[in-house]
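Structure below is coords10.csv: CSV, C-alpha atoms and all ligand atoms.
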chain,number,residue,atom,x,y,z
A,1,MET,CA,109.8,71.8,130.4
A,2,MET,CA,107.6,70.8,127.5
A,3,LYS,CA,109.3,70.9,124.1
A,4,ILE,CA,107.5,71.0,120.8
A,5,ILE,CA,109.0,69.5,117.6
A,6,VAL,CA,107.2,69.9,114.3
A,7,LYS,CA,108.2,67.6,111.4
A,8,GLU,CA,107.2,67.9,107.8
A,9,SER,CA,105.4,64.6,107.5
A,10,TYR,CA,104.1,61.6,109.4
A,11,GLU,CA,107.1,59.6,108.1
A,12,ASP,CA,109.5,62.2,109.5
A,13,LEU,CA,107.8,62.2,112.8
A,14,SER,CA,107.9,58.4,113.0
A,15,LYS,CA,111.6,58.4,112.1
A,16,GLU,CA,112.4,61.1,114.7
A,17,ALA,CA,110.5,59.1,117.4
A,18,ALA,CA,112.5,55.9,116.5
A,19,LYS,CA,115.7,57.9,116.7
A,20,ILE,CA,114.9,59.2,120.2
A,21,ILE,CA,114.2,55.6,121.4
A,22,GLU,CA,117.5,54.4,119.8
A,23,ARG,CA,119.4,57.2,121.6
A,24,GLU,CA,117.9,56.3,124.9
A,25,MET,CA,118.7,52.6,124.3
A,26,GLN,CA,122.3,53.5,123.6
A,27,LYS,CA,122.4,55.4,126.9
A,28,LYS,CA,120.7,52.5,128.8
A,29,PRO,CA,120.4,49.2,126.9
A,30,ASN,CA,118.0,47.8,129.6
A,31,LEU,CA,115.6,50.7,129.0
A,32,VAL,CA,112.2,50.5,130.4
A,33,LEU,CA,110.0,51.7,127.6
A,34,GLY,CA,106.3,52.6,127.8
A,35,LEU,CA,104.4,51.9,124.6
A,36,ALA,CA,101.2,53.2,122.9
A,37,THR,CA,98.8,51.7,120.4
A,38,GLY,CA,96.6,53.4,117.9
A,39,SER,CA,97.3,54.2,114.3
A,40,THR,CA,99.8,57.0,115.1
A,41,SER,CA,102.5,54.7,116.5
A,42,ILE,CA,102.5,52.2,113.6
A,43,GLY,CA,105.0,54.3,111.6
A,44,LEU,CA,107.3,54.4,114.6
A,45,TYR,CA,107.1,50.6,115.0
A,46,LYS,CA,107.8,50.1,111.3
A,47,GLU,CA,110.9,52.2,111.7
A,48,LEU,CA,112.1,50.2,114.8
A,49,ILE,CA,111.6,47.0,112.9
A,50,ARG,CA,113.7,48.4,110.1
A,51,MET,CA,116.4,49.4,112.6
A,52,HIS,CA,116.3,45.9,114.2
A,53,LYS,CA,117.0,44.4,110.7
A,54,GLU,CA,120.0,46.6,110.6
A,55,GLY,CA,121.3,45.4,113.9
A,56,LEU,CA,119.6,47.2,116.7
A,57,SER,CA,118.8,44.8,119.5
A,58,PHE,CA,115.9,45.0,121.9
A,59,SER,CA,116.9,42.0,123.9
A,60,GLN,CA,117.5,43.9,127.1
A,61,ILE,CA,114.6,46.3,127.1
A,62,THR,CA,111.4,45.9,129.2
A,63,THR,CA,108.1,47.4,127.9
A,64,PHE,CA,104.9,48.4,129.5
A,65,ASN,CA,101.9,49.2,127.3
A,66,LEU,CA,99.5,51.9,128.3
A,67,ASP,CA,96.2,50.2,128.0
A,68,GLU,CA,94.0,47.4,126.8
A,69,TYR,CA,90.3,47.0,126.0
A,70,PHE,CA,88.4,45.3,128.7
A,71,GLY,CA,86.8,42.1,127.6
A,72,LEU,CA,89.0,41.4,124.5
A,73,ASP,CA,91.0,38.2,124.5
A,74,PHE,CA,94.7,38.3,123.5
A,75,SER,CA,93.8,36.6,120.2
A,76,HIS,CA,91.1,39.2,119.3
A,77,PRO,CA,92.5,41.1,116.3
A,78,GLN,CA,91.5,44.5,117.8
A,79,SER,CA,93.0,43.7,121.2
A,80,TYR,CA,96.2,45.7,122.0
A,81,HIS,CA,98.0,42.4,122.7
A,82,PHE,CA,97.3,41.4,119.2
A,83,TYR,CA,98.3,44.8,117.8
A,84,MET,CA,101.6,44.8,119.6
A,85,GLN,CA,102.5,41.3,118.5
A,86,LYS,CA,101.6,42.1,114.9
A,87,ASN,CA,103.0,45.6,114.6
A,88,LEU,CA,106.2,45.2,116.7
A,89,PHE,CA,107.0,42.3,119.0
A,90,ASP,CA,106.8,39.5,116.3
A,91,HIS,CA,109.5,41.3,114.4
A,92,ILE,CA,112.1,42.2,117.0
A,93,ASP,CA,114.2,40.3,119.5
A,94,ILE,CA,112.4,41.5,122.7
A,95,LYS,CA,112.2,38.7,125.4
A,96,PRO,CA,108.5,37.8,125.9
A,97,ARG,CA,109.0,37.8,129.6
A,98,ASN,CA,109.9,41.5,129.4
A,99,ILE,CA,106.6,42.5,127.7
A,100,HIS,CA,103.8,43.9,129.9
A,101,ILE,CA,100.3,44.8,128.7
A,102,PRO,CA,97.3,45.1,130.9
A,103,ASP,CA,95.1,42.0,130.7
A,104,GLY,CA,91.6,42.8,129.6
A,105,MET,CA,90.3,39.4,130.5
A,106,VAL,CA,91.1,39.4,134.3
A,107,LYS,CA,88.4,38.6,136.8
A,108,ASP,CA,89.9,40.7,139.6
A,109,VAL,CA,90.5,44.0,137.9
A,110,LYS,CA,91.5,45.9,141.0
A,111,LYS,CA,94.1,43.4,142.0
A,112,HIS,CA,95.5,43.3,138.4
A,113,CYS,CA,95.8,47.1,138.3
A,114,LEU,CA,97.7,47.2,141.6
A,115,GLU,CA,99.9,44.4,140.3
A,116,TYR,CA,100.6,46.3,137.1
A,117,GLU,CA,101.8,49.3,139.1
A,118,LYS,CA,103.9,47.1,141.3
A,119,VAL,CA,105.7,45.5,138.3
A,120,ILE,CA,106.4,49.0,136.9
A,121,LYS,CA,108.0,49.9,140.2
A,122,GLN,CA,110.0,46.7,140.4
A,123,ALA,CA,111.4,47.4,136.9
A,124,GLY,CA,112.7,50.7,138.2
A,125,GLY,CA,110.0,52.9,136.7
A,126,ILE,CA,109.4,53.9,133.1
A,127,ASP,CA,112.4,55.7,131.5
A,128,LEU,CA,110.7,56.7,128.3
A,129,GLN,CA,106.9,56.7,127.7
A,130,ILE,CA,105.5,57.0,124.2
A,131,LEU,CA,102.0,58.5,123.9
A,132,GLY,CA,99.4,59.0,121.3
A,133,LEU,CA,96.7,61.7,121.6
A,134,GLY,CA,93.0,61.1,121.5
A,135,SER,CA,91.1,63.7,119.5
A,136,ASN,CA,89.4,64.6,122.9
A,137,GLY,CA,92.9,65.1,124.5
A,138,HIS,CA,93.0,61.7,126.1
A,139,ILE,CA,96.3,59.9,126.9
A,140,GLY,CA,96.3,56.2,127.2
A,141,PHE,CA,92.6,55.7,127.8
A,142,ASN,CA,92.4,58.5,130.4
A,143,GLU,CA,89.3,60.3,129.2
A,144,PRO,CA,88.5,64.0,129.9
A,145,GLY,CA,87.7,64.3,133.6
A,146,SER,CA,90.1,61.6,134.7
A,147,PRO,CA,91.9,62.8,137.9
A,148,PHE,CA,95.6,63.7,137.4
A,149,ALA,CA,96.3,61.6,140.5
A,150,SER,CA,94.9,58.4,138.9
A,151,ARG,CA,96.9,55.1,138.6
A,152,THR,CA,96.2,52.0,136.6
A,153,HIS,CA,92.4,51.5,136.6
A,154,LEU,CA,89.3,50.5,134.7
A,155,ILE,CA,87.7,53.3,132.8
A,156,LYS,CA,84.5,53.7,130.8
A,157,LEU,CA,85.2,55.0,127.3
A,158,THR,CA,83.5,58.1,126.2
A,159,GLU,CA,81.2,58.2,123.2
A,160,SER,CA,83.7,60.2,121.2
A,161,THR,CA,86.5,57.6,121.7
A,162,ILE,CA,84.2,54.8,120.8
A,163,GLU,CA,83.3,56.7,117.6
A,164,ASP,CA,87.0,57.4,116.9
A,165,ASN,CA,88.0,53.8,117.3
A,166,ALA,CA,84.9,52.2,115.6
A,167,ARG,CA,86.9,52.4,112.3
A,168,PHE,CA,89.0,49.4,113.5
A,169,PHE,CA,85.9,47.3,114.3
A,170,GLU,CA,83.2,45.8,112.0
A,171,LYS,CA,80.6,48.0,113.7
A,172,LYS,CA,80.5,50.6,116.4
A,173,GLU,CA,78.6,48.2,118.8
A,174,ASP,CA,81.7,45.9,118.7
A,175,VAL,CA,83.9,48.5,120.4
A,176,PRO,CA,84.3,47.6,124.1
A,177,SER,CA,82.8,50.1,126.5
A,178,PHE,CA,85.6,49.8,129.1
A,179,ALA,CA,89.3,49.6,129.1
A,180,ILE,CA,92.2,49.2,131.6
A,181,THR,CA,94.6,52.1,131.4
A,182,MET,CA,97.7,53.3,133.2
A,183,GLY,CA,96.6,56.4,135.2
A,184,ILE,CA,97.7,59.9,134.5
A,185,GLN,CA,100.0,59.8,137.5
A,186,THR,CA,101.5,56.5,136.3
A,187,ILE,CA,102.3,58.2,132.9
A,188,PHE,CA,103.5,61.4,134.6
A,189,GLU,CA,106.1,59.5,136.6
A,190,ALA,CA,107.9,58.4,133.4
A,191,ARG,CA,111.3,60.2,133.3
A,192,LYS,CA,110.8,61.2,129.7
A,193,ILE,CA,107.6,61.4,127.7
A,194,ILE,CA,107.2,61.7,123.9
A,195,LEU,CA,103.7,62.4,122.7
A,196,LEU,CA,103.1,61.7,119.0
A,197,ALA,CA,100.3,63.5,117.1
A,198,SER,CA,99.7,63.4,113.4
A,199,GLY,CA,97.0,64.9,111.1
A,200,GLN,CA,94.4,67.6,111.1
A,201,SER,CA,92.1,65.6,113.4
A,202,LYS,CA,94.5,66.1,116.3
A,203,ALA,CA,95.1,69.9,115.7
A,204,ASP,CA,92.5,71.0,118.1
A,205,ALA,CA,93.6,68.6,120.9
A,206,VAL,CA,97.2,69.7,120.4
A,207,VAL,CA,96.4,73.4,120.9
A,208,LYS,CA,94.3,72.7,124.0
A,209,SER,CA,97.1,70.5,125.4
A,210,VAL,CA,100.1,72.7,124.8
A,211,GLY,CA,98.7,76.2,124.7
A,212,GLY,CA,95.6,76.0,126.9
A,213,GLN,CA,95.0,75.8,130.6
A,214,ILE,CA,96.1,72.7,132.5
A,215,THR,CA,92.8,71.0,133.2
A,216,SER,CA,91.6,67.4,133.7
A,217,GLN,CA,89.1,68.1,130.9
A,218,VAL,CA,92.2,67.9,128.6
A,219,PRO,CA,94.2,65.1,130.1
A,220,ALA,CA,97.3,65.7,127.9
A,221,SER,CA,97.6,69.3,129.2
A,222,ILE,CA,99.2,68.0,132.4
A,223,LEU,CA,102.3,67.3,130.3
A,224,GLN,CA,103.0,71.1,130.4
A,225,LYS,CA,104.1,70.5,134.0
A,226,HIS,CA,106.4,67.5,133.2
A,227,SER,CA,110.1,68.2,133.4
A,228,ASN,CA,111.0,66.3,130.2
A,229,SER,CA,108.1,66.0,127.8
A,230,VAL,CA,108.1,66.4,124.0
A,231,PHE,CA,105.2,66.9,121.7
A,232,LEU,CA,106.4,65.4,118.4
A,233,LEU,CA,104.0,66.6,115.7
A,234,ASP,CA,103.6,66.7,112.0
A,235,LYS,CA,102.6,69.9,110.2
A,236,ALA,CA,98.9,69.1,110.1
A,237,ALA,CA,98.7,68.3,113.8
A,238,ALA,CA,100.6,71.6,114.5
A,239,SER,CA,98.5,73.6,112.1
A,240,GLN,CA,96.5,75.4,114.8
A,241,LEU,CA,99.5,76.4,116.9
A,242,LYS,CA,100.5,80.0,116.7
B,301,LIG,C1,93.4,55.0,121.5
B,301,LIG,C2,94.5,54.6,122.4
B,301,LIG,C3,95.4,55.7,122.8
B,301,LIG,C4,95.9,56.4,121.5
B,301,LIG,C5,94.7,57.1,120.8
B,301,LIG,C6,95.0,57.7,119.5
B,301,LIG,O1,92.2,55.3,122.1
B,301,LIG,N1,94.0,54.1,123.7
B,301,LIG,O2,96.6,55.3,123.5
B,301,LIG,O3,96.8,57.4,121.7
B,301,LIG,O4,93.6,56.2,120.7
B,301,LIG,O5,94.8,56.8,118.5
B,301,LIG,P1,95.2,57.1,117.0
B,301,LIG,O6,96.7,57.1,117.0
B,301,LIG,O7,94.7,55.9,116.2
B,301,LIG,O8,94.6,58.4,116.6
Please render this file's structure as structure tokens.
Amino acid sequence: MMKIIVKESYEDLSKEAAKIIEREMQKKPNLVLGLATGSTSIGLYKELIRMHKEGLSFSQITTFNLDEYFGLDFSHPQSYHFYMQKNLFDHIDIKPRNIHIPDGMVKDVKKHCLEYEKVIKQAGGIDLQILGLGSNGHIGFNEPGSPFASRTHLIKLTESTIEDNARFFEKKEDVPSFAITMGIQTIFEARKIILLASGQSKADAVVKSVGGQITSQVPASILQKHSNSVFLLDKAAASQLK
């Protein structure tokens, strides 16, 4: 069943998400955690860093990131590798060998995607997956129209996603046209899923995802079918829900 939690503010939402992760880590110290990038998860990572300073250890967890831009090197400031180091991994005690992020520089993409799926399986599958929400309803980089049965693959970004993410780049032309992303099926197989959405710009995608029809035109709508998914929203993102 899908659960909806509405928090007063972005800060409260971030704290709640961190608390859920902490609880799951208490139950299972070697948690397999799926991670998201984007601006929404930054508050959550700040909170995790704060908790680490107060003693919470991440030394036994394994992480899998959802996606990476295709063609961006690890050292590129807009790459998700760089983002994860800067916003989380550099500040906690996670073991580098336990970190997994798709590699946007690989030559053989197909092989890399199959390998990514294999490593997730070998780790025992994802226990808890954190998701953001695209303003077009995408999860990871699974754009509208992505088949629900998809696994890790290369995807062409839609114009609307390129526009949304252009704010992080110097100019729109610098946004890569492709990305490697876990597929919708990959995400769906996580035992628990927490989707974070904050702000008015996500309100429409939230309504379509939780209240509308389950359709591949709104990738996040599939979460209605998941047995343990939570939409964690702030008031603005929930503003169009009845
Ligand atoms: C990006 C990421 C997604 C993220 C989404 C929302 O395109 N690939 O994983 O959820 O955008 O980003 P933001 O949180 O910045 O709105």
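Straight-line separation from atom CA of Ile214 of chain A to atom CA of Arg151 of chain A: 18.6 Å.
Excluding Ser39 of chain A and any residue on its chain fewer than 4 positions from it, the residues at most 12 Å away by only C-alpha atoms are Tyr10, Ser14, Gly43, Leu44, Tyr45, Lys46, Gln78, Tyr80, Tyr83, Met84, Asn87, Leu131, Gly132, Leu133, Gly134, Asp164, Asn165, Arg167, Phe168, Leu196, Ala197, Ser198 and Gly199 of chain A.
Closest approach to ligand LIG 301 (chain B) among A:Gln224, A:Ser135, A:Ser9, A:Thr158: A:Ser135, based on all atoms listed in the file.
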Practice task
Could you give me, as an MDAnalysis selection string, the residues that sit within 6 Å of (98.3, 52.5, 133.4) in the file's coordinates, counting only C-alpha atoms?
Solution key: chainID A and resid 66 151:152 181:183 186
Handout entry: Selected residue of minimal separation from Leu13 of chain A among A:Ser201, A:Asn30, A:Gln213, A:Ser41, counting all atoms listed in the file
Key = A:Ser41
Handout entry: Of the listed residues A:Lys19, A:Met25, A:Gly125, A:Ile49, that which approaches Asp90 of chain A most closely, counting only C-alpha atoms
Key = A:Ile49
Handout entry: Nearest to ligand LIG 301 (chain B) by atom-to-atom distance, counting all atoms listed in the file, from A:Lys192, A:His100, A:Lys202, A:Lys28
Key = A:Lys202
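The closest residue to Asp234 of chain A, picked from A:Met2, A:Asp127, A:Ser59, A:Lys15 and counting all atoms listed in the file, is A:Lys15.
Those residues that approach Ile61 of chain A to within 9 Å, counting only C-alpha atoms, are Met25, Lys28, Pro29, Asn30, Leu31, Val32, Leu33, Ser57, Phe58, Ser59, Thr63, Ile94, Lys95, Asn98 and Ile99 of chain A; same-chain residues fewer than 2 positions away are not listed.
Taking all atoms listed in the file into account, Gly55 of chain A lies nearest to A:Ile92 out of the set A:Asp204, A:Ser160, A:Ile92, A:Cys113.
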Neighbour list for Ala17 of chain A as a compact mmCIF listing (two decimals) with C-alpha atoms, in the coordinates of the input, cut-off 9 Å, all atoms listed in the file, skip fewer than 4 positions in-chain:
# COMPACT_ATOMS: atom_id res chain seq x y z
CA ASP A 12 109.50 62.20 109.50
CA LEU A 13 107.80 62.20 112.80
CA ILE A 21 114.20 55.60 121.40
CA GLU A 22 117.50 54.40 119.80
CA LEU A 44 107.30 54.40 114.60
CA GLU A 47 110.90 52.20 111.70
CA ILE A 130 105.50 57.00 124.20
CA ILE A 194 107.20 61.70 123.90
CA LEU A 196 103.10 61.70 119.00
CA LEU A 232 106.40 65.40 118.40
